[in-house]
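*Asks:* Encoded as structure tokens, here's the structure I'll be asking about.
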Amino acid sequence: AESFQSCLARHPYMGVPALLWAELTAEQVERLEAAATREEVRGVLAELCTSEAKHPQRREILLELYFNLLHFSRQRRFGTEKTSVLFALFKQTHEEMVDLFLTAQQTWAFFKALLLAHAVQRPPYSVGVFSLEDVKAVADYALDHYFRHFGLFRYAFTMKHQKNLTLATSTVELPPAFFAPLSEGVPVEDEREPEPEAPPATEGETTPSDGVASAGPAPFELQADLPPEVLEAVKAQLSRLESQHTARTQKLEAHLARLEAAA
């Protein structure tokens, strides 16, 4: 909703909203007061207040609004200044709603800001045109005759707004609503990958069937990169491992032979 300060910023004249004589001058108010019949009043209103409305239906709605507003002013026995401010208050509030497509809450806040700015004598921020009883009467009249039918005014005076909605399919995967108990599950055998076959033994290598596992000579690239003393140390270590493995195998074979003889 628009604040009181932002409302005042629209009317920079001494900081006071310049509603007095803004829409109706003293002579024009006197012309309205001098009109006796309904046709004369509507003729003066059509000349003074609805000349900007080009659409005939909108012009007729404004004529009815301002005619009832003048009748309210006469019932309250408003003077020339109060009548001028009253007409400007409703006219500028309505035009603000149409131009900015304001909601009911925003329009009511704008209306109250202008009304209160003419209810307290506190220059240069406000001017005391209406009394406290006048403020209550004007606010009640606005609620009963304008804001109660706010949707109709907004529909008649604002452009049609059309929104196009495009529905897109969501690609987010959602978890299932529930999970089956484990007792209903089906066991799945562990599928292991087949072990790769050993390459055929070449000349100078010992296969596992011979009882000795040999790592074989170092690759050519490894031999080319290692210094000679490192290669000698690796060969000596491999020789010790092979001798230990051979001695352990012989010991196990002798133990198996004793067990077979005892059986």
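If you're wondering about the labels, chains in the structure tokens are A, B, ... by order shown, residues count from 1 in each chain, ligands from 1 in order shown.
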Using only C-alpha atoms, determine which residues lie at most 12 Å from Asn68 of chain A, disregarding the query and same-chain residues fewer than 5 positions distant; provide the list as number ranges by chain.

*Replies:* A: 38, 41-42, 45, 61-63, 73-75, 86-87, 90, 141-142, 144-146

*Asks:* List the neighbours of segment 91-105 of chain A out to 9 Å using only C-alpha atoms; skip same-chain residues closer than 4 positions along the sequence, and give me the result as a list in words.

*Replies:*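 These residues fall inside the cut-off: Ala1, Leu19, Glu23, Cys49, Tyr66, Leu86, Phe87, Ala109, Phe110, Phe111, Leu114, Phe147, Phe150, Gly151, Phe153, Arg154, Phe157, Thr158 and Met159 of chain A.
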
*Asks:* Quick one: write out the picked residues with N, CA, C and O atoms as a compact mmCIF listing (two decimals), in the first residue's frame?

*Replies:*
```txt
# COMPACT_ATOMS: atom_id res chain seq x y z
N ALA A 1 0.83 -1.19 0.00
CA ALA A 1 0.00 0.00 0.00
C ALA A 1 0.87 1.25 0.00
O ALA A 1 1.98 1.26 0.54
N LEU A 19 -5.74 19.21 -3.59
CA LEU A 19 -7.05 18.81 -4.04
C LEU A 19 -8.03 19.98 -4.08
O LEU A 19 -9.04 19.91 -4.79
N GLU A 23 -10.00 19.94 -9.24
CA GLU A 23 -10.91 19.43 -10.25
C GLU A 23 -12.08 20.38 -10.50
O GLU A 23 -12.56 20.50 -11.63
N CYS A 49 -16.85 16.95 -15.43
CA CYS A 49 -16.15 15.82 -14.80
C CYS A 49 -15.97 14.60 -15.69
O CYS A 49 -15.13 13.76 -15.39
N TYR A 66 -20.71 10.60 -9.74
CA TYR A 66 -20.60 12.00 -9.34
C TYR A 66 -21.95 12.60 -8.95
O TYR A 66 -22.02 13.49 -8.10
N LEU A 86 -14.01 17.11 -2.05
CA LEU A 86 -14.69 15.81 -2.11
C LEU A 86 -14.68 15.25 -3.52
O LEU A 86 -14.37 14.06 -3.73
N PHE A 87 -14.99 16.07 -4.51
CA PHE A 87 -14.98 15.60 -5.89
C PHE A 87 -13.57 15.23 -6.33
O PHE A 87 -13.36 14.21 -7.00
N ALA A 109 -5.82 2.58 0.74
CA ALA A 109 -4.71 3.29 1.40
C ALA A 109 -4.47 4.65 0.76
O ALA A 109 -4.21 5.64 1.45
N PHE A 110 -4.54 4.71 -0.56
CA PHE A 110 -4.37 5.98 -1.26
C PHE A 110 -5.51 6.95 -0.91
O PHE A 110 -5.27 8.14 -0.68
N PHE A 111 -6.72 6.44 -0.85
CA PHE A 111 -7.88 7.29 -0.50
C PHE A 111 -7.74 7.84 0.92
O PHE A 111 -7.99 9.03 1.16
N LEU A 114 -5.13 10.71 1.16
CA LEU A 114 -5.63 12.00 0.68
C LEU A 114 -6.67 12.58 1.63
O LEU A 114 -6.70 13.79 1.88
N PHE A 147 -16.12 1.32 -2.72
CA PHE A 147 -15.31 0.11 -2.47
C PHE A 147 -16.17 -1.14 -2.34
O PHE A 147 -15.66 -2.24 -2.54
N PHE A 150 -16.14 -2.25 -5.80
CA PHE A 150 -14.81 -2.01 -6.38
C PHE A 150 -14.53 -2.94 -7.55
O PHE A 150 -13.94 -2.53 -8.56
N GLY A 151 -14.95 -4.20 -7.44
CA GLY A 151 -14.71 -5.14 -8.53
C GLY A 151 -15.40 -4.71 -9.82
O GLY A 151 -14.84 -4.89 -10.92
N PHE A 153 -16.16 -1.52 -10.70
CA PHE A 153 -15.43 -0.37 -11.23
C PHE A 153 -14.13 -0.80 -11.90
O PHE A 153 -13.78 -0.30 -12.98
N ARG A 154 -13.44 -1.72 -11.27
CA ARG A 154 -12.17 -2.17 -11.85
C ARG A 154 -12.40 -2.92 -13.15
O ARG A 154 -11.62 -2.79 -14.10
N PHE A 157 -13.35 -0.24 -15.99
CA PHE A 157 -12.42 0.84 -16.38
C PHE A 157 -11.00 0.37 -16.63
O PHE A 157 -10.16 1.20 -16.99
N THR A 158 -10.68 -0.87 -16.43
CA THR A 158 -9.32 -1.34 -16.67
C THR A 158 -9.31 -2.29 -17.85
O THR A 158 -10.32 -2.89 -18.21
N MET A 159 -8.12 -2.43 -18.43
CA MET A 159 -7.96 -3.31 -19.58
C MET A 159 -8.00 -4.77 -19.15
O MET A 159 -7.74 -5.11 -18.00
```

*Asks:* Within 7 Å of Gly128 of chain A, counting only C-alpha atoms, which residues show up once you throw out same-chain ones fewer than 5 positions away? Write them as an mmCIF file with C-alpha atoms, in the first residue's frame, please.

*Replies:*
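The resulting file, part-v1.cif, is reproduced below:
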```cif
data_model
loop_
_atom_site.group_PDB
_atom_site.id
_atom_site.type_symbol
_atom_site.label_atom_id
_atom_site.label_comp_id
_atom_site.auth_asym_id
_atom_site.auth_seq_id
_atom_site.Cartn_x
_atom_site.Cartn_y
_atom_site.Cartn_z
ATOM 1 C CA HIS A 118 -7.390 17.376 4.394
ATOM 2 C CA ALA A 119 -8.588 16.643 7.925
ATOM 3 C CA VAL A 120 -5.833 18.176 10.091
ATOM 4 C CA GLN A 121 -4.596 21.748 9.999
#
```

*Asks:* Could you go through segment 11-215 of chain A and tell me which residues DSSP, when run on the backbone, assigns to helix (DSSP H, G or I), listing them as a PyMOL selection string?

*Replies:* chain A and resi 13-15+26-34+38-48+56-75+80-100+104-116+132-145+147-157+182-184+208-210

*Asks:* How many Å separate atom CA of Leu70 of chain A from atom CA of Glu39 of chain A?

*Replies:* 13.5 Å

*Asks:* I'd like the interatomic distance between atom CA of Gly43 of chain A and atom CA of Thr25 of chain A, to a tenth of an Å.

*Replies:*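 Interatomic distance, atom CA of Gly43 of chain A to atom CA of Thr25 of chain A: 16.9 Å.
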